[in-house]
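K.L.:
This is the structure I have questions about; it appears just below.
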Amino acid sequence: MESRPTSLRRSLGALEYFTFGFGSMVGVGWLVVIDDWLGRGGPGGAMLGFLAGGLLLLPIARTYGRLVRQIPDAGAEIAYTERVFPKTVSFVAGWMMVLAYAIVCPWEAVAIGNVLARIFPAMNEVVLYTVAGKAITLPRLVAGLALTAAIGLVNYRGIRLSGRFQNFTTIGLLACFVLFVLLGLEHGRAAHVAPLFAPHGVFLSVLLTAQIVPYFMTGFESIPKASEEARPGLDERVLSRAITLAVVAGGVFYVLVIGVVAWVYPWREIVAQHLGTEAVFARAFGATWIARLILGAALLSLFKVFNGNFVAATRLLYALGRRGLVHPALGRVSERFGTPAVAIVLVSLVAAVAAFLGDSLLVPITEVGSAVVGVGWCAACVAFLALARRSGERRGITMAVIGTVVSAAIVFMKVIPMVPGSFNAPEWITLAGWCVLGAALWWRRATA
């Protein structure tokens, strides 16, 4: 692995890299929007959509695996592209990926209130105000702000503490996942999964599901963002293997969740009644303990996906600041804890402020994440091809070409109006606003 000076603290091992990759992907979508997934494709279409999406992401993951061995830099896409393209390209790639991770943080700050309200109905009391017709309650808001502060504090005090937190929450989720999958397989019926596909047919069932896979499987590429924080002497192949394993594990997780939920309860009733995963199991088992187990797993999942995306977003901002592509203050590192302190404070504040909007405004803009992450993936794959051409290296070219095509297709599916599931007005407004902000920062840098 290429050596380079770093002021970030180096303490991460193999387990932490896997849990950061897998943990940054799998959030609480499998709990709160399972009805949407089944409505898009039915059991067969949703499972095939996630399976196909996961397989198509493997070439991108393999390309990232090769790049992180060559260039272990917290900037990831920024570092890969700056070696072969102008700084403008590096800034755009990095800025788009910052949005992909930054969107997740306030979303999780809001989601904790939604999950806790399923356990404690009092979370829905004491309405403060409404946004787009949805009430913002005091207990939910406090829970979101408290979680944001806790994640910020954990990360400020060091990557080692953040890594241990990620290990605990990821392993806890997987243990609960194995338990409820085994229980579900024992109590289900084949009749519940019929018909296998949604009414709009096999092709659209798979396509409409595959379109959302990039958003729900974004996170494997967060591993390179922590590549400068690997403990001394760590085998350079560990990060590459962790990236691939995270994609495989994430795909298997989603496919099994969809399958077991449809197996234990008629999927058309799930869609019609907008049931969450915990409600499905509670009705199927006639007991609340299984629902509480699943909600406990969801909380662990929420913590880890918030933490993982928080780490990725702050390291990208740190890399941008270190290069002078944004305000240099973002590149400062705490001398005591070895963490990008200013970037951590900024992301914490942004997540806290956005939490006041509630999910009525955050839900539509999460679709933007699928497109902007495609921009980052495409930039990384194209950079690999350019580097390979320069060096004469042939290994990995086929994977990078496939990765380029797949990531470009992800972007086009979202921005071409005639494609089902493409951007609507809220997504375009969000993307345009982010681009304007980025352009303003770039112009300010150029004129400073």
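Labeling convention for the structure tokens: chains A, B, ... as they appear, residues from 1 per chain, ligands from 1 in order of appearance.
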Can you tell me which residues surround Leu8 in chain A at a distance of at most 8 Å, considering only C-alpha atoms, apart from same-chain residues fewer than 4 positions away, and format the answer as a list of chain:residue names?

P.N.:
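After dropping sequence-adjacent residues, the list is A:Glu228, A:Glu229, A:Val333, A:Gly338, A:Thr339, A:Pro340.
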
K.L.:
Counting only C-alpha atoms, which residue out of A:Leu99, A:Leu48, A:Ile71, A:Val255 sits closest to Gly374 in chain A?

P.N.:
A:Leu99

K.L.:
Do you have the CA of Leu437 in chain A-CA of Thr81 in chain A distance handy?

P.N.:
21.1 Å

K.L.:
Could you list, as JSON, numbers by chain, every residue within 12 Å of range 269-285 of chain A, counting only C-alpha atoms and ignoring same-chain residues fewer than 2 positions away?

P.N.:
{"A": [28, 29, 30, 31, 32, 33, 34, 35, 36, 37, 38, 39, 40, 41, 42, 43, 114, 115, 118, 119, 177, 180, 181, 183, 184, 185, 186, 187, 188, 189, 192, 193, 194, 198, 257, 258, 259, 260, 261, 262, 263, 264, 265, 266, 267, 287, 288, 289, 290, 291, 292, 293, 294, 295, 296, 297, 298]}

K.L.:
Go through A:Gln166, A:Thr88, A:Ser222, A:Thr19 and flag the residue nearest Leu316 in chain A, using only C-alpha atoms for the distances.

P.N.:
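Closest residue, counting only C-alpha atoms: A:Ser222.
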
K.L.:
Can you tell me, as a ChimeraX atom specification, what residues are no more than 9 Å from Leu51 in chain A when counting only C-alpha atoms, ignoring any on the same chain fewer than 4 positions away?

P.N.:
/A:46-47,55-56,210,251-252,254-255

K.L.:
Hey, what's within 6 Å of Val110 in chain A if we count only C-alpha atoms and toss same-chain stuff fewer than 2 positions away? As a list of chain:residue names, please?

P.N.:
A:Trp107, A:Glu108, A:Ile112, A:Gly113, A:Gly144, A:Ala355

K.L.:
Using only C-alpha atoms, pick whichever of A:Leu431, A:Leu153, A:Leu128, A:Leu145 has the shortest atom-to-atom distance to Val372 in chain A.

P.N.:
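For Val372 in chain A, the nearest of the given residues is A:Leu431.
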
K.L.:
I want to know what sits within 12 Å of Ile159 in chain A, based on only C-alpha atoms, with residues of the same chain fewer than 6 positions away left out; could you give that as a PyMOL selection string?

P.N.:
chain A and resi 8-13+16-17+20+151-153+165-166+225-231+307-308+310-312+314-315+334+337-341+344

K.L.:
Pick the closest to Leu387 in chain A from A:Leu67, A:Ala111, A:Ala408, A:Ile136: which is it, counting only C-alpha atoms?

P.N.:
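Of A:Leu67, A:Ala111, A:Ala408, A:Ile136, the one nearest Leu387 in chain A, counting only C-alpha atoms, is A:Leu67.
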
K.L.:
Could you write out, as a PyMOL selection string, all the residues of range 183-244 of chain A that DSSP marks as helix (DSSP H, G or I)?

P.N.:
chain A and resi 183-187+190-193+202-210+213-216+220-229+237-244

K.L.:
For the residues selected in the previous step, produce a file with N, CA and C atoms as a compact mmCIF listing (two decimals), in the first residue's frame.

P.N.:
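Here's the written file selection-v8.txt:
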```txt
# COMPACT_ATOMS: atom_id res chain seq x y z
N LEU A 183 -36.88 -17.80 12.58
CA LEU A 183 -38.24 -17.91 13.11
C LEU A 183 -39.27 -17.71 12.01
N GLY A 184 -39.02 -16.76 11.11
CA GLY A 184 -39.95 -16.49 10.03
C GLY A 184 -40.08 -17.66 9.07
N LEU A 185 -38.97 -18.30 8.75
CA LEU A 185 -39.00 -19.44 7.83
C LEU A 185 -39.83 -20.60 8.40
N GLU A 186 -39.86 -20.72 9.71
CA GLU A 186 -40.62 -21.80 10.34
C GLU A 186 -42.12 -21.53 10.37
N HIS A 187 -42.53 -20.25 10.34
CA HIS A 187 -43.93 -19.90 10.54
C HIS A 187 -44.64 -19.42 9.27
N ALA A 190 -46.20 -20.81 1.73
CA ALA A 190 -45.91 -20.50 0.33
C ALA A 190 -47.02 -19.67 -0.30
N ALA A 191 -48.26 -19.84 0.15
CA ALA A 191 -49.38 -19.11 -0.44
C ALA A 191 -49.26 -17.61 -0.24
N HIS A 192 -48.52 -17.20 0.79
CA HIS A 192 -48.39 -15.77 1.08
C HIS A 192 -47.61 -15.02 0.01
N VAL A 193 -46.74 -15.68 -0.72
CA VAL A 193 -45.88 -15.00 -1.69
C VAL A 193 -46.52 -14.91 -3.08
N VAL A 202 -43.37 -8.58 -14.97
CA VAL A 202 -42.06 -9.00 -14.47
C VAL A 202 -40.99 -7.93 -14.69
N PHE A 203 -40.92 -7.41 -15.91
CA PHE A 203 -39.84 -6.48 -16.24
C PHE A 203 -39.90 -5.22 -15.38
N LEU A 204 -41.07 -4.58 -15.33
CA LEU A 204 -41.19 -3.36 -14.53
C LEU A 204 -41.04 -3.65 -13.04
N SER A 205 -41.45 -4.82 -12.60
CA SER A 205 -41.30 -5.19 -11.18
C SER A 205 -39.83 -5.20 -10.79
N VAL A 206 -39.00 -5.78 -11.65
CA VAL A 206 -37.57 -5.85 -11.37
C VAL A 206 -36.93 -4.47 -11.55
N LEU A 207 -37.32 -3.75 -12.62
CA LEU A 207 -36.72 -2.45 -12.92
C LEU A 207 -37.00 -1.43 -11.82
N LEU A 208 -38.27 -1.34 -11.39
CA LEU A 208 -38.63 -0.34 -10.38
C LEU A 208 -37.93 -0.60 -9.05
N THR A 209 -37.65 -1.87 -8.77
CA THR A 209 -36.89 -2.18 -7.56
C THR A 209 -35.41 -1.90 -7.75
N ALA A 210 -34.88 -2.30 -8.91
CA ALA A 210 -33.45 -2.11 -9.17
C ALA A 210 -33.06 -0.64 -9.11
N VAL A 213 -31.99 0.33 -5.60
CA VAL A 213 -30.89 -0.43 -5.00
C VAL A 213 -29.66 0.44 -4.74
N PRO A 214 -29.25 1.31 -5.68
CA PRO A 214 -28.06 2.13 -5.40
C PRO A 214 -28.18 2.93 -4.11
N TYR A 215 -29.38 3.47 -3.84
CA TYR A 215 -29.53 4.24 -2.60
C TYR A 215 -29.38 3.36 -1.38
N PHE A 216 -30.03 2.19 -1.39
CA PHE A 216 -30.01 1.33 -0.21
C PHE A 216 -28.72 0.53 -0.09
N PHE A 220 -20.62 0.82 0.61
CA PHE A 220 -19.42 0.00 0.50
C PHE A 220 -18.20 0.85 0.15
N GLU A 221 -18.44 1.94 -0.60
CA GLU A 221 -17.34 2.81 -0.99
C GLU A 221 -16.95 3.79 0.12
N SER A 222 -17.62 3.67 1.28
CA SER A 222 -17.20 4.48 2.42
C SER A 222 -15.90 3.96 3.04
N ILE A 223 -15.58 2.70 2.76
CA ILE A 223 -14.36 2.11 3.32
C ILE A 223 -13.11 2.89 2.92
N PRO A 224 -12.93 3.26 1.64
CA PRO A 224 -11.74 4.04 1.28
C PRO A 224 -11.62 5.38 2.00
N LYS A 225 -12.77 5.94 2.45
CA LYS A 225 -12.70 7.23 3.14
C LYS A 225 -11.96 7.11 4.46
N ALA A 226 -11.90 5.91 5.01
CA ALA A 226 -11.17 5.69 6.26
C ALA A 226 -9.84 4.98 6.03
N SER A 227 -9.39 4.96 4.78
CA SER A 227 -8.17 4.20 4.45
C SER A 227 -6.92 4.78 5.09
N GLU A 228 -6.90 6.07 5.39
CA GLU A 228 -5.74 6.67 6.04
C GLU A 228 -5.67 6.33 7.53
N GLU A 229 -6.73 5.70 8.03
CA GLU A 229 -6.80 5.40 9.46
C GLU A 229 -6.62 3.92 9.77
N ARG A 237 -4.52 -5.84 1.37
CA ARG A 237 -5.65 -6.51 0.73
C ARG A 237 -6.91 -6.49 1.58
N VAL A 238 -6.80 -6.13 2.85
CA VAL A 238 -7.95 -6.17 3.75
C VAL A 238 -9.06 -5.23 3.29
N LEU A 239 -8.70 -4.01 2.92
CA LEU A 239 -9.72 -3.05 2.52
C LEU A 239 -10.44 -3.49 1.25
N SER A 240 -9.69 -4.05 0.29
CA SER A 240 -10.29 -4.53 -0.95
C SER A 240 -11.29 -5.65 -0.67
N ARG A 241 -10.90 -6.58 0.17
CA ARG A 241 -11.78 -7.70 0.51
C ARG A 241 -13.00 -7.22 1.28
N ALA A 242 -12.81 -6.25 2.17
CA ALA A 242 -13.92 -5.73 2.96
C ALA A 242 -14.97 -5.07 2.07
N ILE A 243 -14.53 -4.37 1.01
CA ILE A 243 -15.46 -3.72 0.09
C ILE A 243 -16.33 -4.75 -0.61
N THR A 244 -15.70 -5.80 -1.15
CA THR A 244 -16.45 -6.85 -1.84
C THR A 244 -17.38 -7.58 -0.90
```

K.L.:
If I take CA of Val368 in chain A and CA of Leu300 in chain A, how far is one from the other in Å, to one decimal?

P.N.:
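Taking CA of Val368 in chain A as the start and CA of Leu300 in chain A as the end point, the length is 25.1 Å.
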
K.L.:
Using only C-alpha atoms, can you tell me which of A:Ser391, A:Gly358, A:Thr430, A:Gln211 comes closest to Lys414 in chain A?

P.N.:
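With only C-alpha atoms as the atom set, the closest residue is A:Gln211.
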
K.L.:
Would you mind listing what lies within 12 Å of Thr404 in chain A as a ChimeraX atom specification, with only C-alpha atoms counted and same-chain residues fewer than 3 positions away left out?

P.N.:
/A:56-61,63-64,374-385,397-401,407-411

K.L.:
Restricted to C-alpha atoms, what would the selected residues look like written as a PDB file, in the first residue's frame?

P.N.:
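This is the output file result-v9.pdb:
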```pdb
ATOM      1  CA  LEU A  56     -24.217  -5.094 -10.988  1.00  0.00           C
ATOM      2  CA  LEU A  57     -22.518  -3.186  -8.178  1.00  0.00           C
ATOM      3  CA  LEU A  58     -19.807  -5.813  -7.760  1.00  0.00           C
ATOM      4  CA  PRO A  59     -17.675  -4.501 -10.676  1.00  0.00           C
ATOM      5  CA  ILE A  60     -17.788  -1.042  -9.080  1.00  0.00           C
ATOM      6  CA  ALA A  61     -16.809  -2.538  -5.724  1.00  0.00           C
ATOM      7  CA  THR A  63     -12.696  -1.277  -8.978  1.00  0.00           C
ATOM      8  CA  TYR A  64     -12.781   0.590  -5.663  1.00  0.00           C
ATOM      9  CA  GLY A 374     -23.696   7.191  -9.395  1.00  0.00           C
ATOM     10  CA  VAL A 375     -21.692  10.269 -10.376  1.00  0.00           C
ATOM     11  CA  GLY A 376     -19.034   9.413  -7.790  1.00  0.00           C
ATOM     12  CA  TRP A 377     -18.886   5.750  -8.776  1.00  0.00           C
ATOM     13  CA  CYS A 378     -18.587   6.643 -12.460  1.00  0.00           C
ATOM     14  CA  ALA A 379     -15.801   9.127 -11.741  1.00  0.00           C
ATOM     15  CA  ALA A 380     -13.855   6.498  -9.792  1.00  0.00           C
ATOM     16  CA  CYS A 381     -14.214   3.874 -12.524  1.00  0.00           C
ATOM     17  CA  VAL A 382     -13.215   6.285 -15.293  1.00  0.00           C
ATOM     18  CA  ALA A 383     -10.237   7.419 -13.222  1.00  0.00           C
ATOM     19  CA  PHE A 384      -9.145   3.794 -12.844  1.00  0.00           C
ATOM     20  CA  LEU A 385      -9.313   3.311 -16.619  1.00  0.00           C
ATOM     21  CA  ILE A 397     -10.062  -2.974 -16.899  1.00  0.00           C
ATOM     22  CA  THR A 398     -13.082  -5.149 -17.700  1.00  0.00           C
ATOM     23  CA  MET A 399     -14.546  -4.608 -14.236  1.00  0.00           C
ATOM     24  CA  ALA A 400     -13.959  -0.848 -14.493  1.00  0.00           C
ATOM     25  CA  VAL A 401     -15.661  -0.665 -17.902  1.00  0.00           C
ATOM     26  CA  SER A 407     -22.937   3.823 -12.715  1.00  0.00           C
ATOM     27  CA  ALA A 408     -23.755   5.952 -15.770  1.00  0.00           C
ATOM     28  CA  ALA A 409     -26.991   4.000 -16.226  1.00  0.00           C
ATOM     29  CA  ILE A 410     -27.887   4.703 -12.589  1.00  0.00           C
ATOM     30  CA  VAL A 411     -27.555   8.432 -13.225  1.00  0.00           C
TER      31      VAL A 411
END
```

K.L.:
Between A:Pro121, A:Gly250, A:Gly75, A:Gly172, which is the closest to Phe50 in chain A once you count only C-alpha atoms?

P.N.:
A:Gly250
